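Participant: Sharing a structure with you now.
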Amino acid sequence: VIIKNFEEINVTQAVHCVADLCEVKNENIIVIGRWEDNNDFLKETGCSVAVSSFKNDETKQIANYLTDPREADGVARALVKIFNLKVKQ
């Protein structure tokens, strides 16, 4: 994969480029998004997570999971849920 102009690449294309380079299938990718322009990549991956405080209902409906904002450890909480991890208190 050769990227000639980084200014013209969007998040979805970047995810696909990295997946191609690492030989990872879309269904094996987890993405976390909180913006409307993340909708495409939320749709095209195996597991998608949206931030629950985001006001766009379409984005929240596309996602497989909802999580807390970054300030409330949203990424960690999403990964614990997705991978069914045990967390020490």
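Simple scheme: letters A, B, ... for chains in structure tokens order, numbers from 1 for residues in each chain, numbers from 1 for ligands in the order shown.
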Show which residues sit within 12 Å of range 45-50 of chain A, as a ChimeraX atom specification. Count only C-alpha atoms, and ignore same-chain residues fewer than 5 positions away.
Facilitator: /A:12,15-16,19,24-40,55-70,74-79,81-83
Participant: Please indicate the distance in Å from CA of Glu23 in chain A to CA of Leu85 in chain A, rounded to one decimal place.
Facilitator: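 Computed distance, CA of Glu23 in chain A to CA of Leu85 in chain A, equals 25.8 Å.
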Participant: Give me every strand (DSSP E or B) residue in range 39-68 of chain A, going by DSSP on the backbone, as a count of residues only.
Facilitator: 8
Participant: If you run DSSP on the backbone here, which positions in chain A get helix (DSSP H, G or I)? Please write them as a ChimeraX atom specification.
Facilitator: /A:6-8,11-22,26-28,36-43,57-62,70-72,74-82
Participant: For the selection you just gave me, I'd like the residues written to a file as a short mmCIF file (atom, residue, chain, number, x, y, z; two decimals), in the first residue's frame, keeping N, CA and C atoms.
Facilitator:
data_model
loop_
_atom_site.label_atom_id
_atom_site.label_comp_id
_atom_site.auth_asym_id
_atom_site.auth_seq_id
_atom_site.Cartn_x
_atom_site.Cartn_y
_atom_site.Cartn_z
N PHE A 6 -1.31 12.26 2.30
CA PHE A 6 -1.98 12.01 3.57
C PHE A 6 -3.14 12.96 3.82
N GLU A 7 -3.15 14.11 3.19
CA GLU A 7 -4.22 15.08 3.40
C GLU A 7 -5.54 14.59 2.81
N GLU A 8 -5.50 13.66 1.88
CA GLU A 8 -6.71 13.19 1.23
C GLU A 8 -7.23 11.87 1.79
N VAL A 11 -10.36 8.41 7.80
CA VAL A 11 -10.16 7.40 8.85
C VAL A 11 -10.44 6.00 8.32
N THR A 12 -11.49 5.84 7.55
CA THR A 12 -11.84 4.53 7.00
C THR A 12 -10.72 4.00 6.12
N GLN A 13 -10.20 4.84 5.26
CA GLN A 13 -9.11 4.43 4.38
C GLN A 13 -7.87 4.07 5.20
N ALA A 14 -7.59 4.84 6.24
CA ALA A 14 -6.43 4.55 7.08
C ALA A 14 -6.57 3.20 7.77
N VAL A 15 -7.76 2.90 8.27
CA VAL A 15 -7.99 1.60 8.91
C VAL A 15 -7.77 0.48 7.89
N HIS A 16 -8.29 0.65 6.68
CA HIS A 16 -8.10 -0.37 5.64
C HIS A 16 -6.63 -0.53 5.26
N CYS A 17 -5.90 0.57 5.18
CA CYS A 17 -4.47 0.50 4.84
C CYS A 17 -3.69 -0.28 5.89
N VAL A 18 -3.93 0.03 7.15
CA VAL A 18 -3.24 -0.68 8.23
C VAL A 18 -3.64 -2.15 8.24
N ALA A 19 -4.91 -2.43 8.04
CA ALA A 19 -5.38 -3.82 8.01
C ALA A 19 -4.71 -4.59 6.87
N ASP A 20 -4.63 -3.97 5.71
CA ASP A 20 -3.97 -4.61 4.57
C ASP A 20 -2.50 -4.88 4.87
N LEU A 21 -1.81 -3.89 5.42
CA LEU A 21 -0.40 -4.06 5.74
C LEU A 21 -0.17 -5.18 6.76
N CYS A 22 -1.07 -5.31 7.70
CA CYS A 22 -0.94 -6.33 8.76
C CYS A 22 -1.65 -7.63 8.41
N ASN A 26 -11.28 -7.43 7.97
CA ASN A 26 -12.14 -6.41 8.59
C ASN A 26 -12.91 -6.96 9.79
N GLU A 27 -13.34 -8.21 9.73
CA GLU A 27 -14.14 -8.75 10.82
C GLU A 27 -13.31 -8.95 12.10
N ASN A 28 -11.99 -8.82 12.01
CA ASN A 28 -11.11 -8.96 13.17
C ASN A 28 -10.62 -7.61 13.71
N GLU A 36 -19.31 11.88 13.69
CA GLU A 36 -20.15 11.46 12.56
C GLU A 36 -19.31 10.92 11.41
N ASP A 37 -18.13 11.48 11.19
CA ASP A 37 -17.32 11.00 10.07
C ASP A 37 -16.70 9.64 10.35
N ASN A 38 -16.95 9.07 11.53
CA ASN A 38 -16.51 7.71 11.85
C ASN A 38 -17.53 6.66 11.44
N ASN A 39 -18.71 7.07 10.99
CA ASN A 39 -19.78 6.11 10.68
C ASN A 39 -19.35 5.06 9.67
N ASP A 40 -18.63 5.45 8.63
CA ASP A 40 -18.20 4.47 7.63
C ASP A 40 -17.33 3.39 8.24
N PHE A 41 -16.33 3.77 9.01
CA PHE A 41 -15.47 2.73 9.55
C PHE A 41 -16.13 1.96 10.68
N LEU A 42 -17.12 2.54 11.36
CA LEU A 42 -17.89 1.79 12.34
C LEU A 42 -18.70 0.69 11.66
N LYS A 43 -19.18 0.95 10.46
CA LYS A 43 -19.98 -0.02 9.71
C LYS A 43 -19.14 -1.15 9.13
N ASP A 57 -27.43 10.15 17.16
CA ASP A 57 -28.07 8.85 17.37
C ASP A 57 -27.70 7.84 16.28
N GLU A 58 -27.49 8.30 15.04
CA GLU A 58 -27.13 7.37 13.96
C GLU A 58 -25.81 6.66 14.28
N THR A 59 -24.84 7.41 14.76
CA THR A 59 -23.55 6.82 15.12
C THR A 59 -23.72 5.80 16.22
N LYS A 60 -24.52 6.12 17.22
CA LYS A 60 -24.74 5.19 18.33
C LYS A 60 -25.49 3.94 17.88
N GLN A 61 -26.37 4.06 16.90
CA GLN A 61 -27.12 2.90 16.40
C GLN A 61 -26.25 1.99 15.54
N ILE A 62 -25.29 2.54 14.85
CA ILE A 62 -24.39 1.75 14.00
C ILE A 62 -23.48 0.86 14.84
N ARG A 70 -13.76 9.20 27.08
CA ARG A 70 -12.35 8.98 27.38
C ARG A 70 -12.04 9.31 28.84
N GLU A 71 -12.59 10.41 29.35
CA GLU A 71 -12.31 10.84 30.71
C GLU A 71 -12.80 9.83 31.76
N ALA A 72 -13.71 8.96 31.38
CA ALA A 72 -14.24 7.95 32.30
C ALA A 72 -13.74 6.55 31.90
N GLY A 74 -13.37 5.13 28.96
CA GLY A 74 -14.25 4.48 28.00
C GLY A 74 -13.60 3.40 27.16
N VAL A 75 -12.37 3.62 26.70
CA VAL A 75 -11.69 2.60 25.88
C VAL A 75 -11.44 1.35 26.72
N ALA A 76 -10.93 1.54 27.92
CA ALA A 76 -10.67 0.39 28.80
C ALA A 76 -11.96 -0.36 29.10
N ARG A 77 -13.03 0.37 29.38
CA ARG A 77 -14.31 -0.27 29.68
C ARG A 77 -14.84 -1.06 28.47
N ALA A 78 -14.66 -0.51 27.28
CA ALA A 78 -15.10 -1.21 26.08
C ALA A 78 -14.32 -2.50 25.87
N LEU A 79 -13.01 -2.45 26.04
CA LEU A 79 -12.18 -3.65 25.86
C LEU A 79 -12.49 -4.71 26.90
N VAL A 80 -12.76 -4.30 28.14
CA VAL A 80 -13.15 -5.25 29.18
C VAL A 80 -14.44 -5.96 28.77
N LYS A 81 -15.39 -5.20 28.25
CA LYS A 81 -16.67 -5.78 27.84
C LYS A 81 -16.51 -6.70 26.63
N ILE A 82 -15.80 -6.24 25.61
CA ILE A 82 -15.64 -7.01 24.38
C ILE A 82 -14.92 -8.33 24.63
#
